Structure formats: C-alpha cells, structure tokens
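Content type CSV, C-alpha atoms, from the file coords.csv:
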chain,number,residue,atom,x,y,z
A,1,ASN,CA,83.5,123.7,114.5
A,2,ALA,CA,83.2,120.1,113.3
A,3,GLY,CA,86.9,119.2,112.7
A,4,VAL,CA,87.1,115.5,111.7
A,5,THR,CA,83.8,113.6,111.5
A,6,GLN,CA,83.6,109.8,111.3
A,7,THR,CA,80.5,107.7,110.6
A,8,PRO,CA,79.2,105.3,111.7
A,9,LYS,CA,80.2,105.4,115.4
A,10,PHE,CA,79.4,101.7,115.9
A,11,ARG,CA,78.9,98.8,113.5
A,12,ILE,CA,78.6,95.0,113.7
A,13,LEU,CA,79.5,93.1,110.6
A,14,LYS,CA,79.3,89.4,109.8
A,15,ILE,CA,82.4,87.6,108.5
A,16,GLY,CA,82.7,88.2,104.7
A,17,GLN,CA,80.6,91.4,104.6
A,18,SER,CA,81.9,94.6,103.2
A,19,MET,CA,81.6,98.2,104.4
A,20,THR,CA,83.0,101.7,104.1
A,21,LEU,CA,84.0,103.8,107.0
A,22,GLN,CA,83.4,107.5,106.2
A,23,CYS,CA,85.8,110.3,107.3
A,24,THR,CA,85.4,114.0,106.4
A,25,GLN,CA,87.3,117.1,107.7
A,26,ASP,CA,86.5,120.7,107.3
A,27,MET,CA,89.9,122.2,108.1
A,28,ASN,CA,91.2,122.1,104.6
A,29,HIS,CA,94.0,119.8,105.7
A,30,ASN,CA,96.1,118.1,103.0
A,31,TYR,CA,97.2,115.1,105.1
A,32,MET,CA,94.7,112.5,106.3
A,33,TYR,CA,95.3,109.2,108.1
A,34,TRP,CA,93.5,106.0,109.1
A,35,TYR,CA,94.5,104.1,112.2
A,36,ARG,CA,93.3,101.1,114.0
A,37,GLN,CA,93.5,100.7,117.8
A,38,ASP,CA,93.1,97.3,119.4
A,39,PRO,CA,92.2,97.1,123.1
A,40,GLY,CA,95.1,98.3,125.3
A,41,MET,CA,97.3,99.0,122.4
A,42,GLY,CA,98.6,102.0,120.5
A,43,LEU,CA,97.6,103.3,117.1
A,44,LYS,CA,98.7,101.4,114.0
A,45,LEU,CA,98.6,103.3,110.7
A,46,ILE,CA,96.6,101.6,107.9
A,47,TYR,CA,96.7,104.1,105.1
A,48,TYR,CA,97.5,107.8,104.7
A,49,SER,CA,97.1,110.5,102.1
A,50,VAL,CA,99.1,113.6,101.5
A,51,GLY,CA,96.5,115.2,99.2
A,52,ALA,CA,93.6,114.5,96.8
A,53,GLY,CA,94.4,111.7,94.5
A,54,ILE,CA,97.5,110.5,96.5
A,55,THR,CA,97.4,107.6,98.9
A,56,ASP,CA,100.0,105.3,100.5
A,57,LYS,CA,100.2,102.2,102.6
A,58,GLY,CA,100.9,102.3,106.3
A,59,GLU,CA,102.0,99.6,108.7
A,60,VAL,CA,98.9,97.3,108.4
A,61,PRO,CA,97.2,97.9,105.0
A,62,ASN,CA,96.1,94.3,104.3
A,63,GLY,CA,92.4,93.8,104.0
A,64,TYR,CA,91.7,97.6,103.5
A,65,ASN,CA,91.4,100.0,100.7
A,66,VAL,CA,91.2,103.8,100.5
A,67,SER,CA,90.5,106.6,98.1
A,68,ARG,CA,91.0,110.4,98.2
A,69,SER,CA,89.0,112.0,95.5
A,70,THR,CA,88.5,115.3,97.4
A,71,THR,CA,90.5,117.2,100.1
A,72,GLU,CA,87.7,116.7,102.6
A,73,ASP,CA,86.9,113.0,102.3
A,74,PHE,CA,89.0,109.9,103.0
A,75,PRO,CA,86.9,106.8,103.2
A,76,LEU,CA,88.2,103.4,104.3
A,77,ARG,CA,86.9,100.3,102.7
A,78,LEU,CA,86.8,96.8,104.2
A,79,GLU,CA,86.1,94.3,101.4
A,80,LEU,CA,85.8,90.9,103.2
A,81,ALA,CA,85.5,91.5,106.9
A,82,ALA,CA,87.4,89.1,109.1
A,83,PRO,CA,87.3,88.8,113.0
A,84,SER,CA,90.9,90.1,113.1
A,85,GLN,CA,89.6,93.4,111.9
A,86,THR,CA,87.5,93.9,115.0
A,87,SER,CA,89.0,97.2,116.4
A,88,VAL,CA,88.4,100.9,116.9
A,89,TYR,CA,89.2,102.9,113.8
A,90,PHE,CA,90.3,106.5,113.9
A,91,CYS,CA,90.6,108.9,111.1
A,92,ALA,CA,92.9,111.9,111.6
A,93,SER,CA,94.1,115.0,109.6
A,94,SER,CA,96.9,117.5,109.7
A,95,ASP,CA,97.9,120.5,107.8
A,96,ARG,CA,101.3,119.1,107.0
A,97,GLY,CA,103.2,115.9,107.7
A,98,GLU,CA,105.7,117.4,110.2
A,99,SER,CA,105.6,116.1,113.8
A,100,ASN,CA,105.0,119.6,115.1
A,101,GLN,CA,101.7,119.7,113.2
A,102,PRO,CA,99.1,118.2,115.5
A,103,GLN,CA,97.0,115.4,114.1
A,104,HIS,CA,93.3,116.0,114.7
A,105,PHE,CA,91.4,112.9,115.3
A,106,GLY,CA,87.7,111.9,114.8
A,107,ASP,CA,85.8,110.2,117.6
A,108,GLY,CA,86.4,106.8,116.1
A,109,THR,CA,84.3,103.9,114.7
A,110,ARG,CA,83.9,100.9,116.9
A,111,LEU,CA,83.7,97.9,114.6
A,112,SER,CA,83.0,94.3,115.6
A,113,ILE,CA,83.2,91.4,113.2
A,114,LEU,CA,81.2,88.3,114.2
B,1,GLY,CA,112.7,98.9,112.2
B,2,GLN,CA,111.1,101.4,114.5
B,3,SER,CA,109.7,101.1,118.0
B,4,LEU,CA,108.7,103.3,120.9
B,5,GLU,CA,108.6,101.7,124.3
B,6,GLN,CA,106.6,103.1,127.2
B,7,PRO,CA,105.7,101.7,130.7
B,8,SER,CA,102.2,100.2,130.4
B,9,GLU,CA,100.8,101.7,133.7
B,10,VAL,CA,101.7,104.5,136.1
B,11,THR,CA,99.8,105.5,139.3
B,12,ALA,CA,100.3,108.8,141.0
B,13,VAL,CA,98.6,110.9,143.7
B,14,GLU,CA,96.5,114.0,143.0
B,15,GLY,CA,98.6,117.1,143.2
B,16,ALA,CA,101.9,115.2,142.7
B,17,ILE,CA,104.3,115.2,139.7
B,18,VAL,CA,104.6,112.2,137.4
B,19,GLN,CA,107.0,111.4,134.6
B,20,ILE,CA,106.1,109.1,131.7
B,21,ASN,CA,109.1,107.8,129.8
B,22,CYS,CA,109.5,106.9,126.1
B,23,THR,CA,112.5,105.2,124.6
B,24,TYR,CA,112.9,104.7,120.9
B,25,GLN,CA,114.9,102.5,118.6
B,26,THR,CA,114.8,103.8,115.1
B,27,SER,CA,117.2,105.2,112.5
B,28,GLY,CA,116.8,108.7,111.2
B,29,PHE,CA,114.6,109.8,114.0
B,30,TYR,CA,113.1,113.3,113.5
B,31,GLY,CA,111.0,114.3,116.5
B,32,LEU,CA,108.8,113.1,119.3
B,33,SER,CA,105.2,114.1,120.0
B,34,TRP,CA,102.8,113.3,122.8
B,35,TYR,CA,99.1,112.6,122.7
B,36,GLN,CA,96.5,112.1,125.5
B,37,GLN,CA,93.5,109.7,125.1
B,38,HIS,CA,90.7,109.4,127.7
B,39,ASP,CA,88.9,106.1,127.9
B,40,GLY,CA,86.5,105.9,124.9
B,41,GLY,CA,87.8,109.1,123.5
B,42,ALA,CA,90.0,110.2,120.6
B,43,PRO,CA,93.7,111.1,121.0
B,44,THR,CA,94.5,114.7,121.4
B,45,PHE,CA,97.8,116.4,120.7
B,46,LEU,CA,99.8,117.6,123.8
B,47,SER,CA,103.3,118.6,122.8
B,48,TYR,CA,106.2,118.1,120.4
B,49,ASN,CA,110.0,118.1,120.7
B,50,ALA,CA,112.2,118.4,117.6
B,51,LEU,CA,115.3,119.5,119.5
B,52,ASP,CA,116.9,118.3,122.7
B,53,GLY,CA,115.6,119.9,125.8
B,54,LEU,CA,112.5,120.7,127.6
B,55,GLU,CA,109.3,122.2,126.1
B,56,GLU,CA,106.8,123.5,128.6
B,57,THR,CA,103.0,124.0,128.0
B,58,GLY,CA,101.2,124.9,131.2
B,59,ARG,CA,101.2,121.9,133.6
B,60,PHE,CA,102.7,119.6,130.9
B,61,SER,CA,106.3,119.5,129.8
B,62,SER,CA,108.0,117.3,127.4
B,63,PHE,CA,111.7,116.4,127.1
B,64,LEU,CA,113.9,114.9,124.4
B,65,SER,CA,117.5,113.6,124.4
B,66,ARG,CA,118.6,112.3,121.0
B,67,SER,CA,121.9,111.1,122.3
B,68,ASP,CA,120.0,108.8,124.8
B,69,SER,CA,117.2,108.0,122.4
B,70,TYR,CA,114.8,108.9,125.2
B,71,GLY,CA,112.1,111.4,126.0
B,72,TYR,CA,109.5,111.9,128.7
B,73,LEU,CA,106.3,113.7,129.4
B,74,LEU,CA,106.1,115.5,132.8
B,75,LEU,CA,102.7,116.2,134.3
B,76,GLN,CA,102.7,118.6,137.3
B,77,GLU,CA,100.0,119.4,139.9
B,78,LEU,CA,98.1,116.2,138.9
B,79,GLN,CA,94.4,116.4,138.7
B,80,MET,CA,91.9,113.6,138.6
B,81,LYS,CA,91.0,114.5,135.0
B,82,ASP,CA,94.6,113.7,134.0
B,83,SER,CA,93.7,110.0,134.3
B,84,ALA,CA,94.1,108.8,130.7
B,85,SER,CA,96.4,107.0,128.4
B,86,TYR,CA,99.4,108.9,127.0
B,87,PHE,CA,101.2,108.0,123.8
B,88,CYS,CA,104.5,109.1,122.5
B,89,ALA,CA,104.7,109.2,118.7
B,90,GLY,CA,107.8,109.5,116.5
B,91,LYS,CA,108.6,110.5,113.0
B,92,LYS,CA,111.5,109.4,110.8
B,93,THR,CA,113.2,112.0,108.7
B,94,GLY,CA,111.5,112.3,105.3
B,95,ALA,CA,108.4,110.3,106.4
B,96,ASN,CA,104.9,111.7,106.1
B,97,ASN,CA,103.5,109.8,109.0
B,98,LEU,CA,103.9,109.1,112.7
B,99,PHE,CA,104.4,105.8,114.5
B,100,PHE,CA,102.9,105.5,118.0
B,101,GLY,CA,104.1,103.8,121.2
B,102,THR,CA,101.8,101.3,122.9
B,103,GLY,CA,100.8,103.9,125.5
B,104,THR,CA,101.0,104.5,129.3
B,105,ARG,CA,97.8,104.3,131.3
B,106,LEU,CA,98.0,107.0,134.0
B,107,THR,CA,95.7,106.6,137.0
B,108,VAL,CA,95.5,109.6,139.4
B,109,ILE,CA,94.3,108.6,142.9
B,110,PRO,CA,93.1,111.0,145.7

What is this structure when it is put down as structure tokens?
Amino acid sequence: NAGVTQTPKFRILKIGQSMTLQCTQDMNHNYMYWYRQDPGMGLKLIYYSVGAGITDKGEVPNGYNVSRSTTEDFPLRLELAAPSQTSVYFCASSDRGESNQPQHFGDGTRLSIL
Amino acid sequence: GQSLEQPSEVTAVEGAIVQINCTYQTSGFYGLSWYQQHDGGAPTFLSYNALDGLEETGRFSSFLSRSDSYGYLLLQELQMKDSASYFCAGKKTGANNLFFGTGTRLTVIP
C-alpha cells in the first residue's frame, strides 16, 4: 500500500540550479497539495490541485511551479534555486477538500540550496 | 487574515493527561483538524471537529468552541511514543485547502 510517494528523499542544489520534486499517489485522490516546512515551523501551502488540469496558488507560491496532467502525479518545479528555498517539502493528497477528509502525506523531500 | 496559535512546547509525564490548545483568528472558519508529526516523519491525521463539542478517538480527544475561537487536543494515558509535534489545521468556508498552526512539541518524560 504505497499511498503518497515522493522522490528524491534528499537533494543538495547549487544556487540558480533547477529541479523537479516528484509526487505520485495511488489512492485515486482528486486533491493534491505541496507544502514546505522550515525547521521548527508549521506547514505552508505552496500550490494545490483539485483535479487533473487544475492548479491554484497557496500561501507561498513564488519561485515554484506545478502541473497536474494526471490524477496520480503532481510534480513541483523549482526554476532558479535560492537559499531561502532550503526546506523540507511535503506532498499530500485527499479524497475531497473538506477538513474531515484526512490529508495523506508523503515522507518528504529534504532540500538544501548552497 | 488567518492564523492559528499554539504553545510552542509542552512537557508531560508518562501516564498523565495533557491538553494542547489552539486559538484561531479567521473569518468564515469551517472546521479544525489535528495532525501528529514525529521527528523526521510525515504528518498524520488524528482528528477533526466541524461542530462544537468533544470528539473522542481512543486515547485522543479533540474539542472545538466556535464562540471562543478555540480548540484543544487532549491526550490521555500518555506514552513515550506520543512525544511528537502536534499541529492544528483550519479551513475557511468554501476553501479547498487547510492552513496549519506552527505546532506544539510534546515531550513525554518517564
């Protein structure tokens, strides 16, 4: 039972490099989310999607892009990495957007920008 | 705006009861959820309150009072494995996403 799978688990980037964080879920969930979590802090929403072909900005979208071409996949793209983007990134999915629908999280990608 | 405030740290003794509070300041508030996160791990869903009152799930209970803009998570019969960070998360009416509090780090001591 895979749930939400994120790759890679760890990555070090140089300033200005680009990369894509992968996220896939096998629960046929419509809603998917990308969060970042800085040390000792809560989760901040970057982008979310309510279904294939539909994406929307969250609280901290600057410097990131997303796409949702299939129900299963929701990759997050960093175009020009900056030190401020050093964080742990979590992808999550839920069946619907209501609060009583648990969000299922992946194990996270730990990203350092040097 | 929207914000959820929690105490940053709580320490409690194994076997005891602990309450983690969450106060919110947001218009059109819809419901309050709670998530647990162990160090280095992913958040996992614990409970949800849409209506005022207490929801019980085993050793964990969650409470919401809309009139007081306040909720709490109650952990009973604390175990060492309950040492983790706990986040409340809110939702505004009509929104498709949650916003999270800054989290409370619970340390259970023998």

What are the residues of chain B lining chain A at 12 Å or less? Count all atoms listed in the file, and put the answer as number ranges by chain. B: 1-6, 8-9, 29-51, 84-105

Calculated over only C-alpha atoms, which of the candidates A:Tyr64, A:Thr7, A:Thr86, A:His29 has the smallest distance to Gly51 (chain A)? A:His29

Using only C-alpha atoms, can you tell me which of A:Ile46, A:Ala52, A:Leu114, A:Leu21 comes closest to Arg77 (chain A)? A:Leu21

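Separating CA of Gln19 (chain B) from CA of Pro39 (chain A) is a distance of 23.6 Å.
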
Find the distance between CA of Ser27 (chain B) and CA of Tyr72 (chain B) and write it in Å to one decimal. 19.1 Å

Surrounding residues of region 59-63 of chain B excluding itself and chain neighbours under 6 positions, 7 Å, all atoms listed in the file, as a PDB file with C-alpha atoms, keeping the file's coordinate frame:
ATOM      1  CA  SER B  47     103.300 118.600 122.800  1.00  0.00           C
ATOM      2  CA  ASN B  49     110.000 118.100 120.700  1.00  0.00           C
ATOM      3  CA  GLY B  53     115.600 119.900 125.800  1.00  0.00           C
ATOM      4  CA  GLY B  71     112.100 111.400 126.000  1.00  0.00           C
ATOM      5  CA  TYR B  72     109.500 111.900 128.700  1.00  0.00           C
ATOM      6  CA  LEU B  73     106.300 113.700 129.400  1.00  0.00           C
ATOM      7  CA  LEU B  74     106.100 115.500 132.800  1.00  0.00           C
ATOM      8  CA  LEU B  75     102.700 116.200 134.300  1.00  0.00           C
ATOM      9  CA  GLN B  76     102.700 118.600 137.300  1.00  0.00           C
ATOM     10  CA  GLU B  77     100.000 119.400 139.900  1.00  0.00           C
TER      11      GLU B  77
END

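We find CA of Leu76 (chain A) and CA of Asp95 (chain A) to be spaced 20.0 Å apart.
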
First collect every listed atom of region 43-62 of chain B; then fit an axis-aligned box around them, widen it by 3 Å on each side, and give centre and edge lengths in Å to one decimal, as JSON.
{"center_x": 105.3, "center_y": 118.0, "center_z": 125.6, "size_x": 29.2, "size_y": 19.8, "size_z": 22.0}
